[in-house]
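Chemist: File entry.cif follows (mmCIF, C-alpha atoms):
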data_upload
#
loop_
_atom_site.label_atom_id
_atom_site.label_comp_id
_atom_site.auth_asym_id
_atom_site.auth_seq_id
_atom_site.Cartn_x
_atom_site.Cartn_y
_atom_site.Cartn_z
CA MET K 1 186.74 -99.19 228.35
CA HIS K 2 188.90 -99.88 225.30
CA ASP K 3 185.79 -101.04 223.48
CA VAL K 4 184.11 -97.76 224.26
CA LEU K 5 187.12 -95.77 223.03
CA ALA K 6 187.00 -97.69 219.77
CA ASN K 7 183.53 -96.18 219.34
CA PHE K 8 184.90 -92.64 219.17
CA ILE K 9 185.40 -91.53 215.58
CA ASN K 10 188.25 -89.47 214.15
CA LEU K 11 187.32 -85.87 213.59
CA ASP K 12 188.39 -83.96 210.51
CA ALA K 13 187.64 -80.38 209.47
CA ILE K 14 184.65 -81.34 207.29
CA THR K 15 183.06 -83.39 210.08
CA ILE K 16 183.52 -80.51 212.50
CA VAL K 17 181.92 -77.99 210.13
CA TYR K 18 179.06 -80.42 209.40
CA LEU K 19 178.32 -81.00 213.10
CA PHE K 20 178.58 -77.28 213.81
CA GLY K 21 176.10 -76.52 211.01
CA VAL K 22 173.58 -79.16 212.03
CA GLY K 23 173.95 -77.91 215.61
CA PHE K 24 173.18 -74.35 214.52
CA VAL K 25 169.97 -75.24 212.69
CA GLY K 26 168.85 -77.55 215.52
CA GLY K 27 169.58 -74.82 218.05
CA LEU K 28 167.68 -72.21 216.06
CA VAL K 29 164.53 -74.33 216.01
CA SER K 30 164.93 -75.30 219.70
CA GLY K 31 165.35 -71.67 220.73
CA PHE K 32 162.08 -70.88 219.02
CA ILE K 33 159.78 -73.82 219.76
CA GLY K 34 161.53 -75.26 222.83
CA SER K 35 162.67 -78.49 221.22
CA GLY K 36 163.48 -80.17 217.95
CA GLY K 37 166.78 -80.72 216.24
CA ALA K 38 167.63 -83.80 218.25
CA PHE K 39 165.88 -86.11 215.85
CA VAL K 40 168.18 -85.00 213.04
CA LEU K 41 171.34 -84.84 215.15
CA THR K 42 171.30 -88.45 216.30
CA PRO K 43 170.91 -89.95 212.80
CA GLY K 44 173.28 -87.23 211.54
CA MET K 45 176.02 -88.45 213.89
CA MET K 46 175.28 -92.07 213.08
CA SER K 47 175.78 -91.30 209.39
CA LEU K 48 179.37 -90.32 210.31
CA GLY K 49 179.94 -93.77 211.77
CA VAL K 50 179.18 -92.96 215.40
CA PRO K 51 177.50 -95.96 217.09
CA GLY K 52 173.82 -95.41 217.97
CA LEU K 53 174.22 -95.30 221.74
CA VAL K 54 177.19 -92.91 221.62
CA ALA K 55 175.20 -90.67 219.26
CA VAL K 56 172.21 -90.63 221.63
CA ALA K 57 174.46 -90.01 224.64
CA SER K 58 176.46 -87.23 222.97
CA ASN K 59 173.30 -85.60 221.70
CA MET K 60 171.90 -85.61 225.24
CA CYS K 61 175.10 -84.05 226.57
CA HIS K 62 174.84 -81.12 224.16
CA LYS K 63 171.13 -80.72 224.75
CA PHE K 64 171.08 -79.79 228.43
CA PRO K 65 173.65 -76.96 228.28
CA LYS K 66 171.94 -75.69 225.13
CA ALA K 67 168.56 -75.76 226.86
CA LEU K 68 170.06 -73.98 229.86
CA VAL K 69 171.48 -71.14 227.75
CA GLY K 70 168.19 -70.87 225.82
CA ALA K 71 166.15 -70.86 229.02
CA ILE K 72 168.28 -68.11 230.58
CA LYS K 73 167.95 -66.01 227.43
CA ARG K 74 164.19 -66.44 227.28
CA ALA K 75 163.86 -65.86 231.02
CA LYS K 76 165.28 -62.38 230.34
CA TYR K 77 162.25 -61.79 228.11
CA GLY K 78 160.01 -62.96 230.98
CA GLN K 79 158.86 -66.05 229.07
CA VAL K 80 160.00 -68.82 231.44
CA ASP K 81 157.95 -70.36 234.23
CA VAL K 82 160.76 -72.00 236.22
CA LYS K 83 158.40 -73.67 238.70
CA LEU K 84 156.31 -75.30 235.98
CA GLY K 85 159.50 -76.35 234.17
CA ILE K 86 160.96 -78.03 237.23
CA VAL K 87 157.67 -79.69 238.27
CA LEU K 88 157.20 -81.12 234.75
CA GLY K 89 160.93 -81.82 234.39
CA VAL K 90 161.10 -84.05 237.46
CA SER K 91 158.16 -86.18 236.34
CA ALA K 92 159.64 -86.19 232.83
CA GLU K 93 162.82 -87.69 234.26
CA ALA K 94 160.73 -90.60 235.59
CA GLY K 95 159.11 -90.86 232.15
CA VAL K 96 162.54 -91.06 230.50
CA LEU K 97 163.57 -93.95 232.75
CA TYR K 98 160.32 -95.81 232.11
CA GLY K 99 160.49 -95.10 228.37
CA ALA K 100 164.06 -96.43 228.20
CA HIS K 101 162.95 -99.52 230.13
CA ILE K 102 160.14 -100.20 227.64
CA GLN K 103 162.60 -99.74 224.77
CA GLU K 104 164.92 -102.34 226.29
CA LYS K 105 162.05 -104.80 226.75
CA ILE K 106 160.90 -104.40 223.16
CA LYS K 107 164.45 -104.78 221.89
CA LEU K 108 164.88 -107.97 223.91
CA ALA K 109 161.61 -109.43 222.65
CA PHE K 110 161.59 -108.31 219.01
CA GLY K 111 165.19 -107.24 218.23
CA ASP K 112 166.38 -104.03 216.57
CA ALA K 113 163.69 -104.07 213.88
CA GLY K 114 160.96 -104.38 216.52
CA SER K 115 162.34 -101.49 218.49
CA ASN K 116 162.71 -99.36 215.35
CA LEU K 117 159.14 -100.15 214.38
CA TYR K 118 157.93 -99.14 217.84
CA VAL K 119 159.79 -95.82 217.59
CA SER K 120 158.47 -95.12 214.09
CA VAL K 121 154.88 -95.98 214.98
CA ALA K 122 155.14 -93.75 218.07
CA PHE K 123 156.42 -90.97 215.81
CA VAL K 124 153.61 -91.38 213.31
CA VAL K 125 150.75 -91.70 215.79
CA ILE K 126 151.83 -88.87 218.10
CA LEU K 127 152.91 -86.49 215.37
CA ALA K 128 149.71 -87.11 213.40
CA THR K 129 147.40 -86.39 216.32
CA VAL K 130 149.30 -83.65 218.16
CA GLY K 131 150.92 -82.09 215.08
CA GLY K 132 147.62 -82.05 213.20
CA PHE K 133 145.90 -80.43 216.16
CA VAL K 134 148.59 -77.75 216.62
CA LEU K 135 148.63 -76.91 212.92
CA ARG K 136 144.84 -76.75 212.72
CA ASP K 137 144.75 -74.40 215.68
CA ALA K 138 147.42 -72.14 214.13
CA TRP K 139 145.54 -72.13 210.82
CA LYS K 140 142.27 -71.22 212.56
CA THR K 141 143.92 -68.33 214.37
CA TYR K 142 145.39 -67.10 211.09
CA LYS K 143 142.16 -67.48 209.12
CA ASP K 144 140.03 -65.75 211.74
CA GLY K 145 142.42 -62.82 211.60
CA ASN K 146 143.13 -63.22 215.32
CA SER K 147 146.86 -63.52 214.96
CA ASN K 148 147.34 -60.24 216.79
CA ALA K 149 144.85 -61.04 219.55
CA VAL K 150 145.83 -62.31 222.98
CA GLU K 151 145.66 -66.11 223.05
CA LYS K 152 142.52 -67.46 224.64
CA THR K 153 142.54 -70.35 227.08
CA GLY K 154 140.98 -73.40 225.45
CA LYS K 155 138.02 -75.37 226.79
CA LEU K 156 140.13 -78.28 228.02
CA ALA K 157 142.54 -75.98 229.85
CA LYS K 158 139.62 -74.10 231.44
CA TRP K 159 138.23 -77.40 232.69
CA VAL K 160 141.62 -78.50 234.04
CA GLN K 161 142.02 -75.17 235.84
CA SER K 162 138.53 -75.49 237.33
CA ILE K 163 139.23 -78.85 239.00
CA ASN K 164 140.15 -78.45 242.64
CA ILE K 165 141.73 -81.45 244.34
CA PRO K 166 142.77 -80.34 247.85
CA GLY K 167 146.38 -80.98 248.74
CA THR K 168 147.53 -81.22 245.13
CA MET K 169 146.99 -77.65 243.92
CA VAL K 170 149.98 -75.56 242.81
CA TYR K 171 149.97 -72.01 241.46
CA PHE K 172 151.84 -71.43 238.19
CA LYS K 173 152.54 -67.90 236.99
CA SER K 174 152.46 -68.78 233.29
CA ILE K 175 148.95 -70.14 233.62
CA ASN K 176 147.96 -67.59 236.26
CA ALA K 177 145.89 -70.25 237.98
CA ARG K 178 146.17 -73.15 240.37
CA VAL K 179 146.42 -76.56 238.75
CA SER K 180 146.39 -79.99 240.37
CA MET K 181 149.68 -81.92 240.34
CA LEU K 182 147.58 -84.89 239.31
CA PHE K 183 147.42 -83.25 235.87
CA THR K 184 151.04 -82.08 235.65
CA ILE K 185 152.61 -85.42 236.68
CA PRO K 186 151.17 -87.50 233.79
CA LEU K 187 151.98 -84.71 231.31
CA GLY K 188 155.60 -84.55 232.45
CA PHE K 189 155.79 -88.32 232.44
CA ALA K 190 154.47 -88.49 228.86
CA THR K 191 156.98 -85.81 227.79
CA GLY K 192 159.83 -87.86 229.26
CA MET K 193 158.57 -91.09 227.72
CA LEU K 194 158.43 -89.44 224.32
CA ALA K 195 161.91 -87.99 224.81
CA ALA K 196 163.23 -91.49 225.56
CA THR K 197 161.40 -92.89 222.53
CA ILE K 198 161.80 -90.34 219.74
CA ALA K 199 164.31 -87.92 221.37
CA VAL K 200 161.95 -84.94 221.13
CA GLY K 201 159.83 -84.74 224.28
CA GLY K 202 158.76 -81.20 223.44
CA PHE K 203 156.34 -82.48 220.83
CA ILE K 204 154.16 -83.52 223.78
CA GLY K 205 155.40 -81.09 226.42
CA VAL K 206 154.72 -77.82 224.57
CA PRO K 207 151.23 -78.66 223.21
CA ALA K 208 150.34 -80.13 226.64
CA MET K 209 151.28 -76.88 228.38
CA ILE K 210 149.30 -74.85 225.83
CA TYR K 211 146.16 -76.93 225.39
CA VAL K 212 145.86 -78.90 228.66
CA LEU K 213 147.25 -76.46 231.22
CA GLY K 214 146.43 -73.22 229.39
CA ALA K 215 149.88 -71.61 229.19
CA PRO K 216 150.52 -69.04 226.42
CA SER K 217 152.53 -70.58 223.55
CA LEU K 218 155.52 -68.27 224.07
CA MET K 219 155.77 -69.32 227.71
CA ALA K 220 155.15 -72.99 226.94
CA SER K 221 157.96 -73.16 224.39
CA ALA K 222 160.32 -71.29 226.74
CA THR K 223 159.42 -73.46 229.73
CA GLU K 224 160.05 -76.59 227.66
CA LEU K 225 163.73 -75.58 227.70
CA VAL K 226 163.74 -75.95 231.50
CA ILE K 227 162.18 -79.42 231.18
CA ALA K 228 164.78 -80.36 228.54
CA PHE K 229 167.54 -79.16 230.85
CA VAL K 230 166.30 -81.19 233.84
CA MET K 231 165.83 -84.30 231.69
CA GLY K 232 169.14 -83.80 229.90
CA VAL K 233 171.36 -83.54 232.99
CA GLY K 234 170.01 -86.79 234.44
CA GLY K 235 170.20 -88.61 231.10
CA SER K 236 173.72 -87.39 230.30
CA LEU K 237 175.01 -88.45 233.70
CA LYS K 238 173.50 -91.91 233.23
CA TYR K 239 175.16 -92.35 229.83
CA ALA K 240 178.46 -90.80 230.96
CA MET K 241 178.68 -93.30 233.81
CA HIS K 242 178.92 -95.98 231.14
CA GLY K 243 181.54 -93.96 229.26
CA LEU K 244 179.26 -93.44 226.25
CA VAL K 245 179.48 -89.65 225.88
CA ASP K 246 181.85 -88.41 223.18
CA VAL K 247 182.41 -84.99 224.67
CA ARG K 248 184.11 -83.70 221.49
CA LEU K 249 181.02 -84.36 219.40
CA ALA K 250 178.76 -82.91 222.09
CA MET K 251 180.80 -79.71 222.43
CA ILE K 252 181.13 -79.14 218.66
CA ILE K 253 177.38 -79.47 218.19
CA LEU K 254 176.95 -77.22 221.22
CA GLY K 255 179.25 -74.69 219.54
CA GLY K 256 176.82 -74.33 216.63
CA SER K 257 173.66 -74.72 218.62
CA LEU K 258 174.49 -71.95 221.09
CA PHE K 259 174.58 -69.53 218.15
CA GLY K 260 171.28 -71.00 216.95
CA ILE K 261 169.44 -71.07 220.25
CA GLN K 262 170.25 -67.44 221.05
CA LEU K 263 169.00 -66.37 217.63
CA GLY K 264 165.86 -68.51 217.97
CA ALA K 265 165.18 -66.97 221.38
CA ILE K 266 165.62 -63.46 219.96
CA GLY K 267 163.26 -64.52 217.17
CA THR K 268 160.41 -65.12 219.61
CA THR K 269 160.42 -61.43 220.51
CA TYR K 270 159.80 -60.38 216.90
CA VAL K 271 156.98 -62.71 215.94
CA LYS K 272 153.33 -63.20 216.78
CA PRO K 273 152.79 -66.05 219.28
CA PHE K 274 150.86 -68.20 216.80
CA MET K 275 154.05 -68.54 214.72
CA ILE K 276 155.37 -70.92 217.42
CA LYS K 277 152.43 -73.19 216.66
CA VAL K 278 152.97 -72.85 212.90
CA VAL K 279 156.63 -73.85 213.07
CA MET K 280 155.98 -76.65 215.51
CA GLY K 281 153.00 -78.04 213.58
CA VAL K 282 154.78 -77.86 210.22
CA ILE K 283 157.87 -79.68 211.52
CA MET K 284 155.76 -82.32 213.25
CA VAL K 285 153.66 -83.09 210.20
CA ILE K 286 156.65 -83.29 207.83
CA VAL K 287 158.63 -85.50 210.23
CA LEU K 288 155.57 -87.73 210.41
CA PHE K 289 155.91 -88.54 206.71
CA SER K 290 159.62 -89.12 207.12
CA ARG K 291 159.08 -91.77 209.79
CA GLY K 292 156.03 -93.17 208.04
CA LEU K 293 158.23 -94.10 205.07
CA MET K 294 160.36 -96.28 207.31
CA VAL K 295 157.46 -98.35 208.66
CA PRO K 296 157.38 -100.80 205.68
CA VAL K 297 161.15 -101.33 206.04
CA TYR K 298 160.81 -102.48 209.64
CA LEU K 299 157.64 -104.46 208.92
CA ALA K 300 159.57 -106.35 206.23
CA GLN K 301 162.50 -106.95 208.59
CA LEU K 302 160.09 -108.48 211.10
CA GLY K 303 158.59 -110.68 208.39
CA LEU K 304 155.14 -109.10 208.76
CA ILE K 305 155.06 -108.13 205.08
CA GLY K 306 156.92 -109.45 202.02
CA LYS K 307 160.65 -108.78 201.68
CA LEU K 308 161.64 -105.46 200.12
CA SER K 309 164.48 -105.20 197.60
CA ASP K 310 167.73 -103.58 198.76
CA GLY K 311 167.19 -100.74 196.31
CA THR K 312 163.75 -99.98 197.77
CA VAL K 313 165.11 -100.03 201.33
CA THR K 314 167.95 -97.63 200.45
CA LEU K 315 165.55 -95.36 198.60
CA LEU K 316 163.11 -95.27 201.55
CA LYS K 317 165.91 -94.65 204.06
CA THR K 318 167.49 -91.85 202.03
CA THR K 319 164.13 -90.18 201.32
CA SER K 320 163.16 -90.45 204.97
CA PHE K 321 166.37 -88.83 206.17
CA GLY K 322 166.12 -86.18 203.44
CA ILE K 323 162.57 -85.27 204.47
CA MET K 324 163.69 -84.92 208.09
CA ILE K 325 166.47 -82.52 207.15
CA PHE K 326 163.97 -80.64 204.97
CA ALA K 327 161.59 -80.33 207.96
CA LEU K 328 164.29 -78.81 210.11
CA LEU K 329 165.54 -76.46 207.39
CA LEU K 330 162.00 -75.34 206.59
CA GLY K 331 161.43 -74.69 210.31
CA ALA K 332 164.62 -72.64 210.45
CA PHE K 333 163.60 -70.75 207.31
CA ILE K 334 160.15 -69.87 208.72
CA VAL K 335 161.78 -68.66 211.96
CA LEU K 336 164.33 -66.50 210.13
CA ARG K 337 161.75 -65.10 207.73
CA ALA K 338 159.25 -64.28 210.47
CA MET K 339 162.05 -62.65 212.44
CA TRP K 340 163.21 -60.61 209.48
CA GLN K 341 159.68 -59.37 208.79
CA GLY K 342 159.14 -58.56 212.47
CA ARG K 343 162.37 -56.58 212.55
CA GLN K 344 161.51 -54.67 209.39
CA ALA K 345 158.09 -53.79 210.80
CA GLU K 346 159.69 -52.62 214.04
CA ARG K 347 162.18 -50.46 212.17
CA LEU K 348 159.42 -48.91 210.07
CA GLN K 349 157.50 -48.13 213.24
CA GLN K 350 160.59 -46.59 214.84
CA ALA K 351 161.27 -44.55 211.72
CA SER K 352 157.72 -43.19 211.57
CA GLY K 353 157.89 -42.47 215.32
CA ALA K 354 161.12 -40.57 214.82
CA LEU K 355 159.57 -38.58 211.98
CA GLU K 356 156.57 -37.62 214.12
CA HIS K 357 158.72 -36.52 217.03
CA GLY K 358 161.53 -35.18 214.88
CA GLU K 359 162.37 -31.64 213.94
CA VAL K 360 158.83 -30.32 214.15
CA MET U 1 170.02 -37.83 217.99
CA ALA U 2 169.20 -41.34 216.92
CA GLN U 3 172.63 -42.68 217.89
CA SER U 4 172.30 -41.57 221.49
CA THR U 5 169.48 -44.06 222.07
CA THR U 6 171.54 -46.98 220.76
CA ARG U 7 172.77 -49.26 223.55
CA LYS U 8 176.50 -49.53 224.14
CA LYS U 9 177.91 -52.47 222.20
CA PRO U 10 179.51 -55.14 224.39
CA VAL U 11 182.69 -55.34 222.29
CA GLY U 12 185.07 -55.95 225.20
CA LYS U 13 183.02 -58.78 226.64
CA LEU U 14 182.54 -60.27 223.18
CA ILE U 15 186.29 -60.39 222.59
CA VAL U 16 187.13 -61.80 226.04
CA MET U 17 184.45 -64.49 225.84
CA GLY U 18 185.46 -65.27 222.24
CA ILE U 19 189.11 -65.78 223.22
CA ILE U 20 188.15 -68.03 226.14
CA SER U 21 185.80 -70.00 223.85
CA ILE U 22 188.50 -70.50 221.25
CA ALA U 23 190.97 -71.54 223.97
CA LEU U 24 188.48 -74.10 225.34
CA TYR U 25 187.75 -75.58 221.92
CA SER U 26 191.44 -75.65 220.95
CA THR U 27 192.35 -77.47 224.17
CA LEU U 28 189.52 -79.97 223.67
CA LEU U 29 190.54 -80.78 220.09
CA LEU U 30 194.32 -80.71 220.58
CA LYS U 31 194.13 -82.95 223.62
CA GLN U 32 191.31 -85.14 222.31
CA ASP U 33 193.11 -88.45 222.96
CA LEU U 34 193.68 -87.60 226.60
CA VAL U 35 190.15 -86.20 226.94
CA ASN U 36 188.56 -89.30 225.41
CA SER U 37 190.51 -91.76 227.51
CA THR U 38 189.82 -89.88 230.75
CA PHE U 39 186.21 -88.82 230.19
CA ALA U 40 185.03 -92.24 229.02
CA ARG U 41 186.20 -94.09 232.14
CA GLY U 42 182.69 -94.04 233.55
CA GLY U 43 181.82 -94.01 237.26
CA MET U 44 182.78 -90.76 238.96
CA TYR U 45 184.56 -89.64 235.78
CA ALA U 46 181.05 -89.17 234.40
CA LEU U 47 181.05 -85.79 236.10
CA LEU U 48 183.80 -84.55 233.75
CA PRO U 49 181.65 -84.30 230.58
CA ILE U 50 178.87 -82.68 232.60
CA ILE U 51 181.22 -80.07 234.10
CA THR U 52 182.76 -79.49 230.66
CA ALA U 53 179.31 -78.90 229.21
CA PHE U 54 178.53 -76.30 231.88
CA VAL U 55 181.87 -74.51 231.43
CA PHE U 56 181.57 -74.43 227.62
CA SER U 57 177.97 -73.29 227.76
CA TYR U 58 178.85 -70.44 230.12
CA PHE U 59 181.72 -68.99 228.08
CA HIS U 60 180.56 -69.87 224.58
CA GLY U 61 176.95 -69.01 225.50
CA SER U 62 178.00 -65.54 226.67
CA PHE U 63 180.03 -65.14 223.50
CA THR U 64 177.14 -66.06 221.19
CA GLY U 65 174.79 -63.86 223.22
CA HIS U 66 177.06 -60.82 222.83
CA PHE U 67 177.62 -61.75 219.19
CA TRP U 68 173.91 -61.42 218.34
CA SER U 69 173.40 -58.32 220.46
CA MET U 70 176.31 -56.71 218.60
CA LEU U 71 174.69 -57.52 215.28
CA SER U 72 171.21 -56.42 216.30
CA SER U 73 172.11 -53.19 218.11
#
Could I get this structure in the form of structure tokens?
Modeler:
Amino acid sequence: MHDVLANFINLDAITIVYLFGVGFVGGLVSGFIGSGGAFVLTPGMMSLGVPGLVAVASNMCHKFPKALVGAIKRAKYGQVDVKLGIVLGVSAEAGVLYGAHIQEKIKLAFGDAGSNLYVSVAFVVILATVGGFVLRDAWKTYKDGNSNAVEKTGKLAKWVQSINIPGTMVYFKSINARVSMLFTIPLGFATGMLAATIAVGGFIGVPAMIYVLGAPSLMASATELVIAFVMGVGGSLKYAMHGLVDVRLAMIILGGSLFGIQLGAIGTTYVKPFMIKVVMGVIMVIVLFSRGLMVPVYLAQLGLIGKLSDGTVTLLKTTSFGIMIFALLLGAFIVLRAMWQGRQAERLQQASGALEHGEV
Amino acid sequence: MAQSTTRKKPVGKLIVMGIISIALYSTLLLKQDLVNSTFARGGMYALLPIITAFVFSYFHGSFTGHFWSMLSS
């Protein structure tokens, strides 16, 4: 226990403000797209001297209450499908356990560098395919001038909804159709596995709900908060049982992120649904480059390529972290800008309405 | 009149929740040594950080919610 306590850092005013700020930006993005932020928070805490496992555990412990508050807020706007969230969340929990198990195996076999390489490659491959797809879809909607139109169910989702496997069918209100659990279980599992690997399960969960199950993007991003909550409670309890949660860090980040998540949730009511895809796709593609930069570092550590100089390693690490922060800030900027424009448009509409019905 | 359609601002609730939030955070930071040594014991003590997270999210979450509705109304 004393060893664990030695892992808890001293907090000063600057550290508190820093954690609060990072929490706010992370929360803002999470409130809008259902996830994100975590991948900057964990390295952010580690840069303060917090050991990796304590950073992961404390991040998890701030994530589930944040997701809960965000989910309640968005449920008030009618955007949450609780049933879908819980069904996916439970299978995601299994995915988290399996993902953590794989991580341990890789670490045992190939050491820290091997496990880091696995995480980075997972980042690059998944973000390139899913992120590219999400961004392309958002771009198509924008270019076709359909950004105001109701979202159409894609071909894949239509096919999934058409499959009838007796005994496994469940009705989900967000999809407004019956879908077989044989589709939802692997999707939840993959979300959990990704959460255990790169800390952001939503990068699979949200696109899966949109493109595979056929949920509208607003509902998918809101429902992801329920999944994050279910996964987060289980994960936090597991880490807390080993005394790894630094509750001070978790609560300070939560302090900032509860401001952010409420604002992000409000933001969804001012923007067109395709903006969710834009923000998500943009963040995913930028983070992809950030992790991609680290691949040579780990390859060199494993001896698979020639040794890199210390200067190169530092440069790659700093650039990678910088790009990640940039991705999150850009996401937050797009959310705030879209919200501001939506609000202005609404005010203009109200003003012209008031003029029409005014003193005539 | 335009003002009559504006919703009532939740000032009272905002202040109450804000005070409780500040009290919670002050206690956490002033008693951090005690909190760390108790919460990190593991086992059944694992419930303490979870309960703390729920309590903080309820009070601070209500506070931030009222905060934004004050600003946007």
Chemist: Which residue gives the smallest distance to Leu127 of chain K among K:Val271, K:Val50, K:Val230, K:Ile204, with only C-alpha atoms counted?
Modeler: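 Looking only at the distances to Leu127 of chain K, the closest residue turns out to be K:Ile204.
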Chemist: Could you give me, as JSON lines, a per-residue list for chain K showing, wherever an atom lies at most 8 Å from an atom of chain U, the closest pair of atoms and their distance in Å to one decimal, using only C-alpha atoms and sorting by chain then residue number from low to high?
Modeler:
{"residue": "K:Met1", "atom": "CA", "partner": "U:Arg41", "partner_atom": "CA", "distance": 6.4}
{"residue": "K:Val4", "atom": "CA", "partner": "U:Ala40", "partner_atom": "CA", "distance": 7.3}
{"residue": "K:Leu5", "atom": "CA", "partner": "U:Ser37", "partner_atom": "CA", "distance": 6.9}
{"residue": "K:Phe8", "atom": "CA", "partner": "U:Asn36", "partner_atom": "CA", "distance": 8.0}
{"residue": "K:Cys61", "atom": "CA", "partner": "U:Ala53", "partner_atom": "CA", "distance": 7.2}
{"residue": "K:His62", "atom": "CA", "partner": "U:Ala53", "partner_atom": "CA", "distance": 7.1}
{"residue": "K:Pro65", "atom": "CA", "partner": "U:Ser57", "partner_atom": "CA", "distance": 5.7}
{"residue": "K:Lys66", "atom": "CA", "partner": "U:Ser57", "partner_atom": "CA", "distance": 7.0}
{"residue": "K:Val69", "atom": "CA", "partner": "U:Gly61", "partner_atom": "CA", "distance": 6.3}
{"residue": "K:Val233", "atom": "CA", "partner": "U:Ile50", "partner_atom": "CA", "distance": 7.6}
{"residue": "K:Ser236", "atom": "CA", "partner": "U:Ile50", "partner_atom": "CA", "distance": 7.3}
{"residue": "K:Leu237", "atom": "CA", "partner": "U:Ala46", "partner_atom": "CA", "distance": 6.1}
{"residue": "K:Ala240", "atom": "CA", "partner": "U:Ala46", "partner_atom": "CA", "distance": 4.6}
{"residue": "K:Met241", "atom": "CA", "partner": "U:Gly42", "partner_atom": "CA", "distance": 4.1}
{"residue": "K:His242", "atom": "CA", "partner": "U:Gly42", "partner_atom": "CA", "distance": 4.9}
{"residue": "K:Gly243", "atom": "CA", "partner": "U:Ala40", "partner_atom": "CA", "distance": 3.9}
{"residue": "K:Leu244", "atom": "CA", "partner": "U:Ala40", "partner_atom": "CA", "distance": 6.5}
{"residue": "K:Val245", "atom": "CA", "partner": "U:Ala40", "partner_atom": "CA", "distance": 6.9}
{"residue": "K:Asp246", "atom": "CA", "partner": "U:Asn36", "partner_atom": "CA", "distance": 7.1}
{"residue": "K:Val247", "atom": "CA", "partner": "U:Pro49", "partner_atom": "CA", "distance": 6.0}
{"residue": "K:Arg248", "atom": "CA", "partner": "U:Leu28", "partner_atom": "CA", "distance": 6.9}
{"residue": "K:Met251", "atom": "CA", "partner": "U:Ala53", "partner_atom": "CA", "distance": 7.0}
{"residue": "K:Leu254", "atom": "CA", "partner": "U:Ser57", "partner_atom": "CA", "distance": 7.7}
{"residue": "K:Gly255", "atom": "CA", "partner": "U:His60", "partner_atom": "CA", "distance": 7.1}
{"residue": "K:Leu258", "atom": "CA", "partner": "U:Gly61", "partner_atom": "CA", "distance": 5.8}
{"residue": "K:Phe259", "atom": "CA", "partner": "U:Thr64", "partner_atom": "CA", "distance": 5.3}
{"residue": "K:Gln262", "atom": "CA", "partner": "U:Gly65", "partner_atom": "CA", "distance": 6.2}
{"residue": "K:Leu263", "atom": "CA", "partner": "U:Trp68", "partner_atom": "CA", "distance": 7.0}
Chemist: Keeping only C-alpha atoms, write the selected residues to a file as a tab-separated table (two decimals), keeping the file's coordinate frame.
Modeler:
chain	number	residue	atom	x	y	z
K	1	MET	CA	186.74	-99.19	228.35
K	4	VAL	CA	184.11	-97.76	224.26
K	5	LEU	CA	187.12	-95.77	223.03
K	8	PHE	CA	184.90	-92.64	219.17
K	61	CYS	CA	175.10	-84.05	226.57
K	62	HIS	CA	174.84	-81.12	224.16
K	65	PRO	CA	173.65	-76.96	228.28
K	66	LYS	CA	171.94	-75.69	225.13
K	69	VAL	CA	171.48	-71.14	227.75
K	233	VAL	CA	171.36	-83.54	232.99
K	236	SER	CA	173.72	-87.39	230.30
K	237	LEU	CA	175.01	-88.45	233.70
K	240	ALA	CA	178.46	-90.80	230.96
K	241	MET	CA	178.68	-93.30	233.81
K	242	HIS	CA	178.92	-95.98	231.14
K	243	GLY	CA	181.54	-93.96	229.26
K	244	LEU	CA	179.26	-93.44	226.25
K	245	VAL	CA	179.48	-89.65	225.88
K	246	ASP	CA	181.85	-88.41	223.18
K	247	VAL	CA	182.41	-84.99	224.67
K	248	ARG	CA	184.11	-83.70	221.49
K	251	MET	CA	180.80	-79.71	222.43
K	254	LEU	CA	176.95	-77.22	221.22
K	255	GLY	CA	179.25	-74.69	219.54
K	258	LEU	CA	174.49	-71.95	221.09
K	259	PHE	CA	174.58	-69.53	218.15
K	262	GLN	CA	170.25	-67.44	221.05
K	263	LEU	CA	169.00	-66.37	217.63
Chemist: Quick one: which residues end up in the PyMOL selection byres ((chain K and resi 164) around 12) for this structure, as a PDB file with C-alpha atoms, in the coordinates of the input?
Modeler:
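Done, and the output landed in part.pdb:
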ATOM      1  CA  TRP K 159     138.230 -77.400 232.690  1.00  0.00           C
ATOM      2  CA  VAL K 160     141.620 -78.500 234.040  1.00  0.00           C
ATOM      3  CA  GLN K 161     142.020 -75.170 235.840  1.00  0.00           C
ATOM      4  CA  SER K 162     138.530 -75.490 237.330  1.00  0.00           C
ATOM      5  CA  ILE K 163     139.230 -78.850 239.000  1.00  0.00           C
ATOM      6  CA  ILE K 165     141.730 -81.450 244.340  1.00  0.00           C
ATOM      7  CA  PRO K 166     142.770 -80.340 247.850  1.00  0.00           C
ATOM      8  CA  GLY K 167     146.380 -80.980 248.740  1.00  0.00           C
ATOM      9  CA  THR K 168     147.530 -81.220 245.130  1.00  0.00           C
ATOM     10  CA  MET K 169     146.990 -77.650 243.920  1.00  0.00           C
ATOM     11  CA  VAL K 170     149.980 -75.560 242.810  1.00  0.00           C
ATOM     12  CA  TYR K 171     149.970 -72.010 241.460  1.00  0.00           C
ATOM     13  CA  ALA K 177     145.890 -70.250 237.980  1.00  0.00           C
ATOM     14  CA  ARG K 178     146.170 -73.150 240.370  1.00  0.00           C
ATOM     15  CA  VAL K 179     146.420 -76.560 238.750  1.00  0.00           C
ATOM     16  CA  SER K 180     146.390 -79.990 240.370  1.00  0.00           C
ATOM     17  CA  MET K 181     149.680 -81.920 240.340  1.00  0.00           C
ATOM     18  CA  LEU K 182     147.580 -84.890 239.310  1.00  0.00           C
ATOM     19  CA  PHE K 183     147.420 -83.250 235.870  1.00  0.00           C
TER      20      PHE K 183
END
